[in-house]
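To be precise, the following lines are query-v4.pdb, and they hold PDB, C-alpha atoms and all ligand atoms.
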MODEL        1
ATOM      1  CA  MET L   1      19.661 -19.670  -1.740
ATOM      2  CA  MET L   2      19.881 -22.674   0.548
ATOM      3  CA  GLY L   3      23.631 -22.464   0.221
ATOM      4  CA  ALA L   4      23.524 -18.973   1.619
ATOM      5  CA  LEU L   5      21.656 -20.083   4.700
ATOM      6  CA  ASP L   6      23.370 -23.392   4.996
ATOM      7  CA  PHE L   7      25.910 -22.222   7.521
ATOM      8  CA  THR L   8      23.215 -21.390   9.977
ATOM      9  CA  ASN L   9      22.202 -23.583  12.804
ATOM     10  CA  ARG L  10      20.276 -21.038  14.778
ATOM     11  CA  ILE L  11      18.648 -17.779  13.931
ATOM     12  CA  LYS L  12      17.966 -15.018  16.359
ATOM     13  CA  GLN L  13      14.979 -12.984  15.441
ATOM     14  CA  MET L  14      14.100  -9.689  17.113
ATOM     15  CA  GLY L  15      10.625  -8.176  16.997
ATOM     16  CA  ALA L  16       9.461 -11.620  16.081
ATOM     17  CA  THR L  17       5.863 -11.725  17.232
ATOM     18  CA  ASP L  18       4.163 -10.051  14.292
ATOM     19  CA  GLY L  19       4.460  -8.827  10.732
ATOM     20  CA  ILE L  20       7.727  -9.150   8.863
ATOM     21  CA  GLY L  21       9.744 -10.481  11.832
ATOM     22  CA  LYS L  22       7.303 -13.268  12.534
ATOM     23  CA  GLN L  23       7.407 -14.312   8.887
ATOM     24  CA  TYR L  24      11.214 -14.432   8.903
ATOM     25  CA  ALA L  25      10.983 -16.726  11.925
ATOM     26  CA  LEU L  26       8.349 -19.012  10.371
ATOM     27  CA  GLN L  27       9.985 -19.192   6.970
ATOM     28  CA  LEU L  28      13.550 -19.704   8.205
ATOM     29  CA  ALA L  29      12.281 -22.403  10.571
ATOM     30  CA  GLU L  30      10.728 -24.093   7.505
ATOM     31  CA  GLN L  31      14.293 -24.351   6.211
ATOM     32  CA  GLY L  32      15.329 -26.206   9.344
ATOM     33  CA  LEU L  33      16.886 -23.408  11.367
ATOM     34  CA  ASN L  34      16.429 -23.391  15.122
ATOM     35  CA  ILE L  35      14.930 -20.138  16.271
ATOM     36  CA  VAL L  36      15.368 -17.664  19.129
ATOM     37  CA  LEU L  37      12.354 -15.377  19.205
ATOM     38  CA  ILE L  38      12.808 -12.042  20.969
ATOM     39  CA  GLY L  39       9.862  -9.792  21.719
ATOM     40  CA  ARG L  40       8.227  -7.781  24.462
ATOM     41  CA  SER L  41       4.948  -9.674  24.911
ATOM     42  CA  PRO L  42       5.161 -13.084  26.632
ATOM     43  CA  GLU L  43       1.723 -14.028  25.241
ATOM     44  CA  LYS L  44       2.612 -13.153  21.662
ATOM     45  CA  LEU L  45       5.971 -14.920  22.016
ATOM     46  CA  LYS L  46       4.169 -18.078  23.223
ATOM     47  CA  ALA L  47       1.724 -17.890  20.316
ATOM     48  CA  THR L  48       4.525 -17.416  17.772
ATOM     49  CA  GLU L  49       6.538 -20.226  19.357
ATOM     50  CA  SER L  50       3.534 -22.577  19.005
ATOM     51  CA  GLU L  51       3.071 -21.571  15.379
ATOM     52  CA  VAL L  52       6.738 -22.208  14.571
ATOM     53  CA  ARG L  53       6.641 -25.601  16.319
ATOM     54  CA  MET L  54       3.410 -26.586  14.591
ATOM     55  CA  ARG L  55       4.873 -25.883  11.165
ATOM     56  CA  SER L  56       8.492 -26.938  11.595
ATOM     57  CA  ASN L  57      10.406 -29.506  13.565
ATOM     58  CA  VAL L  58      12.978 -27.140  15.081
ATOM     59  CA  GLN L  59      14.025 -25.953  18.535
ATOM     60  CA  VAL L  60      12.584 -22.638  19.681
ATOM     61  CA  LYS L  61      13.669 -20.413  22.547
ATOM     62  CA  THR L  62      11.932 -17.207  23.549
ATOM     63  CA  VAL L  63      13.367 -14.144  25.238
ATOM     64  CA  VAL L  64      11.222 -11.315  26.627
ATOM     65  CA  VAL L  65      12.738  -7.898  26.026
ATOM     66  CA  ASP L  66      11.277  -4.448  25.554
ATOM     67  CA  TYR L  67      13.674  -2.715  23.183
ATOM     68  CA  SER L  68      12.400   0.723  24.099
ATOM     69  CA  GLY L  69      14.653   0.391  27.141
ATOM     70  CA  GLY L  70      18.201   1.700  27.141
ATOM     71  CA  ARG L  71      21.604   0.139  27.765
ATOM     72  CA  GLU L  72      20.354  -1.650  30.916
ATOM     73  CA  ILE L  73      18.321  -4.267  28.974
ATOM     74  CA  TYR L  74      21.256  -5.789  27.110
ATOM     75  CA  ASP L  75      23.077  -7.598  29.939
ATOM     76  CA  ASP L  76      20.024  -9.822  30.382
ATOM     77  CA  VAL L  77      19.775 -10.457  26.644
ATOM     78  CA  GLU L  78      23.440 -11.415  26.560
ATOM     79  CA  ARG L  79      22.938 -13.838  29.459
ATOM     80  CA  GLU L  80      19.920 -15.437  27.725
ATOM     81  CA  LEU L  81      21.962 -16.006  24.588
ATOM     82  CA  ALA L  82      25.134 -17.249  26.299
ATOM     83  CA  GLY L  83      26.303 -20.562  24.875
ATOM     84  CA  LEU L  84      23.969 -20.514  21.862
ATOM     85  CA  GLU L  85      25.558 -20.733  18.437
ATOM     86  CA  ILE L  86      23.887 -18.000  16.404
ATOM     87  CA  GLY L  87      24.328 -18.269  12.637
ATOM     88  CA  VAL L  88      21.845 -15.611  11.551
ATOM     89  CA  LEU L  89      20.758 -12.406  13.265
ATOM     90  CA  VAL L  90      17.706 -10.588  11.912
ATOM     91  CA  ASN L  91      17.635  -7.020  13.216
ATOM     92  CA  ASN L  92      13.971  -6.512  12.474
ATOM     93  CA  VAL L  93      12.479  -4.821  15.515
ATOM     94  CA  GLY L  94      11.073  -1.426  14.713
ATOM     95  CA  MET L  95       8.445   1.038  15.770
ATOM     96  CA  GLY L  96       6.736   3.693  13.692
ATOM     97  CA  TYR L  97       4.046   6.249  14.479
ATOM     98  CA  ALA L  98       0.436   5.400  15.225
ATOM     99  CA  ARG L  99      -0.317   8.206  12.800
ATOM    100  CA  MET L 100       1.804  10.460  10.659
ATOM    101  CA  SER L 101       2.405  13.849  12.232
ATOM    102  CA  GLU L 102       4.655  16.835  12.130
ATOM    103  CA  PHE L 103       7.664  16.508  14.411
ATOM    104  CA  LEU L 104       6.354  18.672  17.277
ATOM    105  CA  ASP L 105       2.930  17.012  17.265
ATOM    106  CA  MET L 106       4.524  13.887  18.686
ATOM    107  CA  GLU L 107       5.638  13.572  22.304
ATOM    108  CA  ARG L 108       9.348  13.890  22.911
ATOM    109  CA  ASP L 109       9.479  10.525  24.663
ATOM    110  CA  LEU L 110       8.027   8.756  21.658
ATOM    111  CA  HIS L 111      10.813  10.127  19.465
ATOM    112  CA  LEU L 112      13.380   9.019  22.038
ATOM    113  CA  ARG L 113      11.908   5.537  22.437
ATOM    114  CA  MET L 114      12.064   5.204  18.675
ATOM    115  CA  LEU L 115      15.816   5.820  18.741
ATOM    116  CA  ASN L 116      16.217   2.962  21.206
ATOM    117  CA  VAL L 117      13.970   0.499  19.385
ATOM    118  CA  ASN L 118      15.100   1.239  15.839
ATOM    119  CA  MET L 119      18.793   2.048  16.273
ATOM    120  CA  MET L 120      20.200   1.058  19.664
ATOM    121  CA  SER L 121      18.765  -2.459  19.310
ATOM    122  CA  CYS L 122      20.590  -2.899  16.036
ATOM    123  CA  VAL L 123      23.965  -1.818  17.418
ATOM    124  CA  ALA L 124      23.630  -3.663  20.724
ATOM    125  CA  MET L 125      22.364  -6.961  19.272
ATOM    126  CA  THR L 126      25.029  -6.959  16.574
ATOM    127  CA  TYR L 127      27.647  -6.315  19.246
ATOM    128  CA  ILE L 128      26.410  -9.307  21.241
ATOM    129  CA  VAL L 129      26.263 -11.758  18.332
ATOM    130  CA  LEU L 130      29.049 -10.704  15.966
ATOM    131  CA  PRO L 131      32.051 -11.903  18.035
ATOM    132  CA  GLN L 132      31.014 -15.560  17.848
ATOM    133  CA  MET L 133      30.356 -15.207  14.097
ATOM    134  CA  VAL L 134      33.802 -13.717  13.598
ATOM    135  CA  GLU L 135      35.320 -16.551  15.616
ATOM    136  CA  ARG L 136      33.602 -19.127  13.383
ATOM    137  CA  LYS L 137      34.372 -17.018  10.259
ATOM    138  CA  ARG L 138      30.738 -17.297   9.128
ATOM    139  CA  GLY L 139      27.484 -15.586   9.849
ATOM    140  CA  LEU L 140      24.684 -13.561   8.358
ATOM    141  CA  VAL L 141      23.189 -10.345   9.728
ATOM    142  CA  ILE L 142      19.983  -9.144   8.058
ATOM    143  CA  ASN L 143      19.197  -5.519   8.869
ATOM    144  CA  ILE L 144      15.644  -4.399   8.167
ATOM    145  CA  ALA L 145      15.640  -0.672   7.381
ATOM    146  CA  SER L 146      13.053   0.961   5.110
ATOM    147  CA  LEU L 147      12.586   2.874   1.916
ATOM    148  CA  ALA L 148      12.128   5.765   4.369
ATOM    149  CA  GLY L 149      15.853   5.369   5.073
ATOM    150  CA  VAL L 150      16.693   5.717   1.403
ATOM    151  CA  VAL L 151      14.622   8.839   0.683
ATOM    152  CA  PRO L 152      13.484  11.366   3.323
ATOM    153  CA  HIS L 153       9.835  10.922   4.334
ATOM    154  CA  PRO L 154       7.987  13.942   5.755
ATOM    155  CA  PHE L 155       5.647  13.387   8.730
ATOM    156  CA  VAL L 156       7.740  10.454   9.966
ATOM    157  CA  ALA L 157      10.963  12.410  10.514
ATOM    158  CA  THR L 158      12.504  10.474  13.390
ATOM    159  CA  TYR L 159      11.492   7.124  11.920
ATOM    160  CA  SER L 160      12.995   8.021   8.554
ATOM    161  CA  ALA L 161      16.210   9.220  10.201
ATOM    162  CA  THR L 162      16.557   6.053  12.300
ATOM    163  CA  LYS L 163      16.332   4.019   9.110
ATOM    164  CA  VAL L 164      19.118   6.053   7.496
ATOM    165  CA  PHE L 165      21.194   5.004  10.489
ATOM    166  CA  VAL L 166      20.373   1.325   9.915
ATOM    167  CA  CYS L 167      21.263   1.646   6.228
ATOM    168  CA  PHE L 168      24.693   3.151   6.896
ATOM    169  CA  PHE L 169      25.386   0.839   9.825
ATOM    170  CA  SER L 170      24.692  -2.198   7.656
ATOM    171  CA  ARG L 171      26.585  -0.995   4.610
ATOM    172  CA  ILE L 172      29.654  -0.036   6.629
ATOM    173  CA  LEU L 173      29.810  -3.263   8.642
ATOM    174  CA  LYS L 174      29.440  -5.217   5.403
ATOM    175  CA  GLN L 175      32.695  -3.623   4.222
ATOM    176  CA  GLU L 176      34.464  -4.016   7.566
ATOM    177  CA  TYR L 177      33.601  -7.700   8.012
ATOM    178  CA  LYS L 178      33.405  -9.172   4.519
ATOM    179  CA  GLU L 179      36.926 -10.575   4.728
ATOM    180  CA  LYS L 180      36.039 -12.187   8.045
ATOM    181  CA  GLY L 181      33.333 -14.291   6.383
ATOM    182  CA  ILE L 182      30.337 -12.340   7.655
ATOM    183  CA  GLN L 183      27.528 -11.313   5.326
ATOM    184  CA  PHE L 184      25.486  -8.207   6.076
ATOM    185  CA  GLN L 185      22.294  -7.828   4.103
ATOM    186  CA  LEU L 186      20.452  -4.503   4.100
ATOM    187  CA  VAL L 187      16.716  -4.784   3.386
ATOM    188  CA  THR L 188      14.721  -1.604   2.655
ATOM    189  CA  PRO L 189      11.021  -2.458   2.288
ATOM    190  CA  GLY L 190       8.362  -0.149   0.902
ATOM    191  CA  PHE L 191       4.820  -0.611   2.199
ATOM    192  CA  VAL L 192       3.977  -4.067   3.578
ATOM    193  CA  SER L 193       0.545  -4.790   5.053
ATOM    194  CA  THR L 194       1.261  -5.195   8.800
ATOM    195  CA  ASN L 195       0.260  -3.576  12.085
ATOM    196  CA  MET L 196       2.815  -0.870  11.397
ATOM    197  CA  THR L 197       0.886   0.246   8.323
ATOM    198  CA  SER L 198      -2.499  -0.321  10.012
ATOM    199  CA  GLN L 199      -2.924  -3.443   7.854
ATOM    200  CA  ARG L 200      -2.955  -1.284   4.719
ATOM    201  CA  ASP L 201      -4.881  -2.855   1.803
ATOM    202  CA  VAL L 202      -2.880  -5.550   0.049
ATOM    203  CA  SER L 203      -1.981  -4.664  -3.535
ATOM    204  CA  ALA L 204       0.793  -5.188  -6.061
ATOM    205  CA  GLY L 205       2.816  -2.502  -4.298
ATOM    206  CA  CYS L 206       1.861  -3.516  -0.762
ATOM    207  CA  PRO L 207       2.217  -7.277  -0.214
ATOM    208  CA  THR L 208       1.313  -9.310   2.848
ATOM    209  CA  ALA L 209       4.186  -9.928   5.248
ATOM    210  CA  GLU L 210       4.240 -13.576   4.150
ATOM    211  CA  THR L 211       4.600 -12.725   0.448
ATOM    212  CA  TYR L 212       7.114  -9.989   1.202
ATOM    213  CA  VAL L 213       9.374 -12.203   3.309
ATOM    214  CA  ARG L 214       9.273 -15.097   0.775
ATOM    215  CA  SER L 215      10.575 -12.655  -1.769
ATOM    216  CA  ALA L 216      13.144 -11.073   0.582
ATOM    217  CA  ILE L 217      14.552 -14.416   1.769
ATOM    218  CA  ALA L 218      15.094 -15.436  -1.853
ATOM    219  CA  THR L 219      17.607 -12.581  -2.177
ATOM    220  CA  VAL L 220      19.869 -13.775   0.670
ATOM    221  CA  GLY L 221      23.334 -14.525  -0.643
ATOM    222  CA  LEU L 222      22.494 -12.861  -3.950
ATOM    223  CA  GLN L 223      21.978  -9.217  -2.996
ATOM    224  CA  SER L 224      23.610  -7.407  -0.088
ATOM    225  CA  ARG L 225      21.290  -4.427  -0.546
ATOM    226  CA  THR L 226      17.696  -4.883  -1.621
ATOM    227  CA  ALA L 227      14.160  -3.630  -1.135
ATOM    228  CA  GLY L 228      13.364  -7.325  -0.844
ATOM    229  CA  TYR L 229      10.478  -7.167  -3.299
ATOM    230  CA  LEU L 230      10.611  -6.311  -6.997
ATOM    231  CA  MET L 231       7.890  -3.641  -6.938
ATOM    232  CA  HIS L 232       9.628  -1.930  -4.023
ATOM    233  CA  ASP L 233      12.974  -2.031  -5.832
ATOM    234  CA  LEU L 234      11.373  -0.445  -8.905
ATOM    235  CA  PHE L 235       9.587   2.180  -6.806
ATOM    236  CA  GLY L 236      12.791   2.953  -4.904
ATOM    237  CA  ALA L 237      14.744   3.377  -8.143
ATOM    238  CA  ALA L 238      12.017   5.602  -9.617
ATOM    239  CA  ILE L 239      11.769   8.004  -6.702
ATOM    240  CA  GLN L 240      15.521   8.420  -6.545
ATOM    241  CA  LEU L 241      15.324  10.022  -9.998
ATOM    242  CA  TYR L 242      13.416  12.950  -8.515
ATOM    243  CA  SER L 243      15.232  15.959  -7.128
ATOM    244  CA  GLU L 244      14.986  16.055  -3.324
ATOM    245  CA  ARG L 245      12.727  19.101  -3.522
ATOM    246  CA  ALA L 246      10.322  17.535  -6.009
ATOM    247  CA  LEU L 247      10.365  14.317  -4.061
ATOM    248  CA  LEU L 248       9.577  16.013  -0.766
ATOM    249  CA  LYS L 249       6.678  17.854  -2.387
ATOM    250  CA  GLU L 250       5.297  14.641  -3.887
ATOM    251  CA  LEU L 251       5.706  12.659  -0.673
ATOM    252  CA  LYS L 252       4.180  15.440   1.372
ATOM    253  CA  ASN L 253       1.046  15.325  -0.786
ATOM    254  CA  GLU L 254       0.907  11.544  -0.463
ATOM    255  CA  MET L 255       1.339  11.756   3.286
ATOM    256  CA  ILE L 256      -1.414  14.368   3.602
ATOM    257  CA  LYS L 257      -3.792  12.058   1.719
ATOM    258  CA  PHE L 258      -2.747   9.099   3.874
ATOM    259  CA  LYS L 259      -3.103  11.162   7.039
ATOM    260  CA  ALA L 260      -6.627  12.258   6.036
ATOM    261  CA  LYS L 261      -7.564   8.610   5.404
ATOM    262  CA  GLN L 262      -6.173   7.634   8.819
ATOM    263  CA  CYS L 263      -8.166  10.392  10.562
ATOM    264  CA  LYS L 264     -11.380   9.293   8.802
ATOM    265  CA  SER L 265     -10.946   5.671   9.899
ATOM    266  CA  GLU L 266     -10.387   6.663  13.565
TER     267      GLU L 266
HETATM  268  N1  LIG Y   1       5.339  -2.644   7.245
HETATM  269  C1  LIG Y   1       5.973  -1.809   6.446
HETATM  270  O1  LIG Y   1       5.396  -1.241   5.509
HETATM  271  C2  LIG Y   1       7.446  -1.557   6.634
HETATM  272  C3  LIG Y   1       8.088  -0.796   5.655
HETATM  273  C4  LIG Y   1       9.435  -0.522   5.796
HETATM  274  C5  LIG Y   1      10.147  -1.035   6.867
HETATM  275  N2  LIG Y   1       9.506  -1.786   7.807
HETATM  276  C6  LIG Y   1      10.305  -2.268   8.922
HETATM  277  O2  LIG Y   1      10.117  -3.665   9.080
HETATM  278  C7  LIG Y   1      10.293  -4.021  10.450
HETATM  279  C8  LIG Y   1       9.099  -4.825  10.908
HETATM  280  O3  LIG Y   1       7.931  -4.023  10.773
HETATM  281  P1  LIG Y   1       6.470  -4.635  10.670
HETATM  282  O4  LIG Y   1       5.785  -3.899   9.597
HETATM  283  O5  LIG Y   1       6.540  -6.105  10.647
HETATM  284  O6  LIG Y   1       5.879  -4.105  12.053
HETATM  285  P2  LIG Y   1       4.899  -4.805  13.103
HETATM  286  O7  LIG Y   1       3.927  -5.679  12.406
HETATM  287  O8  LIG Y   1       4.418  -3.669  13.930
HETATM  288  O9  LIG Y   1       5.885  -5.740  13.945
HETATM  289  C9  LIG Y   1       6.891  -5.185  14.713
HETATM  290  C10 LIG Y   1       7.453  -6.242  15.629
HETATM  291  O10 LIG Y   1       8.385  -5.601  16.502
HETATM  292  C11 LIG Y   1       7.948  -5.805  17.849
HETATM  293  N3  LIG Y   1       8.229  -4.657  18.687
HETATM  294  C12 LIG Y   1       7.814  -3.390  18.520
HETATM  295  N4  LIG Y   1       8.272  -2.614  19.516
HETATM  296  C13 LIG Y   1       8.985  -3.425  20.330
HETATM  297  C14 LIG Y   1       9.695  -3.223  21.536
HETATM  298  N5  LIG Y   1       9.747  -2.027  22.122
HETATM  299  N6  LIG Y   1      10.329  -4.270  22.088
HETATM  300  C15 LIG Y   1      10.273  -5.491  21.536
HETATM  301  N7  LIG Y   1       9.603  -5.763  20.398
HETATM  302  C16 LIG Y   1       8.954  -4.737  19.811
HETATM  303  C17 LIG Y   1       6.447  -5.994  17.744
HETATM  304  O11 LIG Y   1       6.021  -6.596  18.934
HETATM  305  P3  LIG Y   1       4.492  -6.476  19.410
HETATM  306  O12 LIG Y   1       3.821  -7.511  18.584
HETATM  307  O13 LIG Y   1       4.568  -6.755  20.860
HETATM  308  O14 LIG Y   1       4.057  -5.081  19.071
HETATM  309  C18 LIG Y   1       6.378  -6.865  16.504
HETATM  310  O15 LIG Y   1       6.720  -8.192  16.778
HETATM  311  C19 LIG Y   1      10.465  -2.709  11.218
HETATM  312  O16 LIG Y   1      11.827  -2.478  11.451
HETATM  313  C20 LIG Y   1       9.907  -1.672  10.257
HETATM  314  O17 LIG Y   1      10.476  -0.412  10.471
HETATM  315  C21 LIG Y   1       8.162  -2.065   7.717
ENDMDL
END
Here is a file; write its structure as structure tokens.
Amino acid sequence: MMGALDFTNRIKQMGATDGIGKQYALQLAEQGLNIVLIGRSPEKLKATESEVRMRSNVQVKTVVVDYSGGREIYDDVERELAGLEIGVLVNNVGMGYARMSEFLDMERDLHLRMLNVNMMSCVAMTYIVLPQMVERKRGLVINIASLAGVVPHPFVATYSATKVFVCFFSRILKQEYKEKGIQFQLVTPGFVSTNMTSQRDVSAGCPTAETYVRSAIATVGLQSRTAGYLMHDLFGAAIQLYSERALLKELKNEMIKFKAKQCKSE
């Protein structure tokens, strides 16, 4: 595993101030990688920077960016990263729904912001970082998608569709760039207890972000496509055995139960 990350002198981590992204930053810093944290909240970036520094003796840079913006945000990001040697890019940033809803129950702008945060960020950040990796003939891009990108999830339609995009983007670039020495790893988590899942109860199927990322990092260099966590891999394999119709019915029932629970706790 260390071998796989060995080529990395600096990791750039997007959506790094909480949940899964923050854990990638903390745990890769533990392995001696310098870190660039990118997030939208200066306060949360400062707090994460302090935590990384407290736990690891590495250099940390922070960049404030709100990825719900469009094309205009990326010139600044590119300027901030100019001259830095980036060995690993973690395309982690993502937004979901505050609560599951049918498509039309959600504002149009929320759907559109989700496209920017979940998909445009992935394309634009890869475009900024990949050329220097290709030049050095080494690099690792970790793309965080979701099980919702592997099987269609009702009540989170746009989210699920954005994750399909991330899955295909990652799998295709892996093929295009493998002979140029670049590794693309596609990670498709199931439920992880984070803000995105309203800190869902931790269980065997829903680990903490820390446990999840320890498991996911251990797959780097070994698996180019993984759920990142054994229970999620098993669950993913099991639900793919269903027909799409049966699966949609099952998931719809699950979502209705989850939605009812969410409403009760509000
Ligand atoms: N948790 C799960 O069950 C689960 C399952 C499958 C896939 N995933 C994927 O895993 C990734 C991380 O999710 P998570 O569960 O760790 O979520 P999270 O705890 O909500 O963390 C998301 C991170 O992204 C940042 N972020 C959100 N919107 C942003 C924006 N517009 N601009 C800049 N930064 C922004 C957040 O910043 P703030 O702290 O400022 O909000 C936070 O640092 C996402 O891509 C998600 O789709 C999660």
Test item: the PyMOL selection byres (((not hetatm)) within 6 of (chain Y and resi 1)) resolved as a VMD selection string: chain L and resid 15 to 21 39 to 41 65 to 68 92 to 95 117 144 to 146 189 to 197
Could you write out the selected residues, including C-alpha atoms, as a compact mmCIF listing (two decimals), in the coordinates of the input?
# COMPACT_ATOMS: atom_id res chain seq x y z
CA GLY L 15 10.62 -8.18 17.00
CA ALA L 16 9.46 -11.62 16.08
CA THR L 17 5.86 -11.72 17.23
CA ASP L 18 4.16 -10.05 14.29
CA GLY L 19 4.46 -8.83 10.73
CA ILE L 20 7.73 -9.15 8.86
CA GLY L 21 9.74 -10.48 11.83
CA GLY L 39 9.86 -9.79 21.72
CA ARG L 40 8.23 -7.78 24.46
CA SER L 41 4.95 -9.67 24.91
CA VAL L 65 12.74 -7.90 26.03
CA ASP L 66 11.28 -4.45 25.55
CA TYR L 67 13.67 -2.72 23.18
CA SER L 68 12.40 0.72 24.10
CA ASN L 92 13.97 -6.51 12.47
CA VAL L 93 12.48 -4.82 15.52
CA GLY L 94 11.07 -1.43 14.71
CA MET L 95 8.44 1.04 15.77
CA VAL L 117 13.97 0.50 19.39
CA ILE L 144 15.64 -4.40 8.17
CA ALA L 145 15.64 -0.67 7.38
CA SER L 146 13.05 0.96 5.11
CA PRO L 189 11.02 -2.46 2.29
CA GLY L 190 8.36 -0.15 0.90
CA PHE L 191 4.82 -0.61 2.20
CA VAL L 192 3.98 -4.07 3.58
CA SER L 193 0.55 -4.79 5.05
CA THR L 194 1.26 -5.20 8.80
CA ASN L 195 0.26 -3.58 12.08
CA MET L 196 2.82 -0.87 11.40
CA THR L 197 0.89 0.25 8.32
List the neighbours of segment 124-126 of chain L out to 9 Å using only C-alpha atoms; skip same-chain residues closer than 3 positions along the sequence, and give me the result as a PyMOL selection string. chain L and resi 14+71+74+77-78+89+91+119-121+129-131+141
Explicit residues for the PyMOL selection byres (((chain L and resi 84) around 12) and not hetatm) (as a ChimeraX atom specification): /L:8-12,34-36,59-61,77-83,85-88,128-129,132-133
Applied to the shown file, which residues does the PyMOL selection byres (((chain L and resi 210) around 12) and not hetatm) return, written as an MDAnalysis selection string? chainID L and resid 18:28 192:194 202 206:209 211:217 229
For atom CA of Leu173 of chain L and atom CA of Leu115 of chain L, the interatomic separation in Å (one decimal):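 The value is 19.5 Å.
Compared by their closest atoms to Ala237 of chain L, and using only C-alpha atoms, the residues L:Ala98, L:Leu147, L:Val64, L:Ile142 rank with L:Leu147 nearest.
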Give me, please, the distance in Å between atom CA of Glu107 of chain L and atom CA of Leu45 of chain L, quoted to one decimal. 28.5 Å
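Ranking L:Asn116, L:Glu135, L:His111, L:Lys163 by their shortest atom-to-atom distance to Glu72 of chain L, with all atoms listed in the file included, puts L:Asn116 first.
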Separation of atom CA of Phe258 of chain L from atom CA of Leu234 of chain L, in Å and rounded to one decimal: 21.3 Å
Selected residue, from L:Asn57, L:Glu176, L:Glu30, L:Ser198, that lies nearest to Gly96 of chain L when counting all atoms listed in the file: L:Ser198
